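One structure is given below, encoded as structure tokens.
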Amino acid sequence: MSASPNPSVNLEKAPDMQKTPSEGAGEIVDGVDNNDSYISPEDEKKLLRKLDLRLAPIFAMLYFLSYLNRSNIGNAAVAGMTTQLGMTSSQYSTSVSVFYATYVGLIFPLVLALRKMQPHRAMTFMSFAWSIVTIGTAFVKTYRELLACRLLLGACEAGFFPCISLYMTMVYNRHEQGRRFAYLFSAMAISGMFGGLIATGITYIHEVGGLKSWSWLYIIEGLISILVVPWVWFGLPSQPSVARFWSDRELELMRRRELQRREYMGEAPFDWAQVRSALLHWRTYVAALVQFFQDVVLYGFSTFLPSILKSGLGYTSLQAQYLSVPVYALGGLTFFAASLVGDRYALRGSVLFGLNIFAIVGYLLILLVPANGVKYFACYLISIPLYCGAGINETWIVNNSAPHYRRATALGLSQAIGNLAGVVSGQVYRSAPYKLGHWFSFGCVVLAMICIAIQIVYFRALNRKKDLIANGTIPDDRTEFDGENNLEFRYVY
């Protein structure tokens, strides 16, 4: 997923954000300094607070529901879906993987199509579409019908994250987006936790109206998604900078923010040189591999956790549902803590490297120790870097990529390669006790840590070289001077 740098990280700052009132402040109109695009820090905080209160709950709820609807197949399987449909473990794994066939395949076409659509309307349509598909999944009678629903669900969700990212660029300046994307990753963690809670309650239904409990799981979660559709339609304005909920004074401030956004986000023409610079650099692919390795763990463990607890550790269906809840909760809390540490100390790769050690220990315990209590404890260790892997790495890519189109290319490539992990994870978690999946995930964590270590050493060396150039110790051999090549641009590690 795409994220952006946080204010605490010293990246390419917009020139207008560095202005002060003393730099030619003009006349005051309704309490607003009429000086080009200047906004006081106090006014900026008030605007952001109002924007967050209006938009963040909608964004978080949408992402919560989209991830819940794609991953609830794990809870449905434990609740009896595979038994009723007569599916083998191999067929179940394929039904998990096939979602990503349309999801990955349609991302780029839909991104291009979104340029012709209003993002808020597109998000409304997609949320309604995946709600209908989710409800429809409750009535499948065969394995083939389930595959069709999974393919449709992937198509409905494919353009969602690019769409929500596009909308955020209409509202927030680049250095403000990091915290807002963190809300989305947090919603992902909460979806795993509440998915288990919902499934636990629905398991008691057994059979009502000729439908088993797993069918009611899809129906209830689909109906919840439909209830959110009107909120999206009426709650997201087509042009946030001129929305009706702003006062006259706030409209003037938003106009100035729009000037800042255009200056910093850029209205510059597409630059192939920046794209080539990203595609031809080895570190772009190392970062994309980290995303892939971390996503294998994320998609595999989060989707199959209920099955791991039931078929792998021997718990009952009900126990597997509610025992998954605190595991997901720990993953979410760790993500919050890691985000705070990373923002405060401008650390990305170093934090992720340290957290992955817990996953290493967790996989070894779940693979080598026979006691089920120890295996369940291992699930908590694996959950510690579960959501951090994808979120921190994407933020790391953004922090260390500049200017705009180099950053966009690096992020796009990491998204394309990273989401392929959804296909792979479904194929390695094929049958209990899931040793193949655990060993494969263990190997991915090790490889991710190697790639992370390589980048940490490399970025430290680049910062050291910039220091030597700045103090005149070594000659300046740069051929470019903007973006990452600026001596004031500091790589984070």
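Chain lettering (A, B, ...) mirrors the order of the structure tokens, residue numbering begins at 1 for each chain separately, and ligand numbering begins at 1 in order of display.
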
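Residues in contact with Ala329 in chain A at up to 7 Å, not including ones fewer than 2 positions away on its chain and judged by only C-alpha atoms, are A:Ala189, A:Ile190, A:Met193, A:Val325, A:Pro326, A:Val327, A:Gly331, A:Gly332, A:Leu333.
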
For N, CA and C atoms, I'd like the residues from the last selection saved as a CSV table (one decimal), in the first residue's frame.
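Writing done, so here's result.csv:
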```csv
chain,number,residue,atom,x,y,z
A,189,ALA,N,-5.6,-4.1,10.8
A,189,ALA,CA,-5.4,-4.9,12.0
A,189,ALA,C,-6.8,-5.1,12.7
A,190,ILE,N,-7.6,-4.0,12.8
A,190,ILE,CA,-8.8,-4.1,13.5
A,190,ILE,C,-9.8,-5.1,12.8
A,193,MET,N,-9.2,-8.5,14.0
A,193,MET,CA,-9.7,-8.7,15.3
A,193,MET,C,-11.2,-8.9,15.4
A,325,VAL,N,-8.7,-13.5,18.0
A,325,VAL,CA,-8.9,-12.1,18.3
A,325,VAL,C,-7.7,-11.4,19.0
A,326,PRO,N,-7.2,-11.9,20.1
A,326,PRO,CA,-6.1,-11.2,20.8
A,326,PRO,C,-4.8,-11.3,20.0
A,327,VAL,N,-4.7,-12.3,19.1
A,327,VAL,CA,-3.5,-12.3,18.3
A,327,VAL,C,-3.5,-11.1,17.3
A,331,GLY,N,-1.1,-7.5,17.0
A,331,GLY,CA,-0.5,-7.0,15.8
A,331,GLY,C,-0.8,-5.6,15.6
A,332,GLY,N,-2.1,-5.2,15.8
A,332,GLY,CA,-2.5,-3.8,15.7
A,332,GLY,C,-1.8,-2.9,16.7
A,333,LEU,N,-1.7,-3.3,17.9
A,333,LEU,CA,-1.1,-2.5,18.9
A,333,LEU,C,0.4,-2.3,18.6
```

Ser93 in chain A environment, 10 Å, only C-alpha atoms, sequence neighbours closer than 6 positions dropped, as a PyMOL selection string: chain A and resi 87+304+423-431

For Pro475 in chain A: contacts at 12 Å, only C-alpha atoms, fewer than 6 positions along chain excluded, given as number ranges by chain: A: 465-469

Please dump the current selection as an mmCIF file, in the first residue's frame; keep C-alpha atoms.
```
data_model
loop_
_atom_site.group_PDB
_atom_site.id
_atom_site.type_symbol
_atom_site.label_atom_id
_atom_site.label_comp_id
_atom_site.auth_asym_id
_atom_site.auth_seq_id
_atom_site.Cartn_x
_atom_site.Cartn_y
_atom_site.Cartn_z
ATOM 1 C CA LYS A 465 29.107 10.532 1.659
ATOM 2 C CA LYS A 466 26.856 13.601 1.706
ATOM 3 C CA ASP A 467 28.459 14.714 4.966
ATOM 4 C CA LEU A 468 31.945 14.379 3.458
ATOM 5 C CA ILE A 469 30.918 16.364 0.374
#
```

Exercise: Thr409 in chain A partners within 10 Å, only C-alpha atoms, chain neighbours under 3 positions left out, as a PyMOL selection string: chain A and resi 274-279+284+401+404-406+412-415

Export, as a compact mmCIF listing (two decimals), in the first residue's frame, the selected residues with C-alpha atoms.
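Result went into out02.txt, see below:
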```txt
# COMPACT_ATOMS: atom_id res chain seq x y z
CA GLN A 274 12.63 9.94 -13.04
CA VAL A 275 10.82 6.73 -13.94
CA ARG A 276 13.95 5.30 -15.56
CA SER A 277 16.10 6.34 -12.60
CA ALA A 278 13.87 4.26 -10.32
CA LEU A 279 13.56 1.28 -12.66
CA THR A 284 14.05 -0.30 -6.08
CA SER A 401 12.60 8.24 -2.84
CA HIS A 404 7.75 12.71 -7.23
CA TYR A 405 7.81 10.37 -10.22
CA ARG A 406 10.77 8.40 -8.88
CA GLY A 412 3.95 1.26 -7.87
CA LEU A 413 6.50 -1.48 -8.42
CA SER A 414 6.47 -2.49 -4.75
CA GLN A 415 2.66 -2.68 -4.82
```
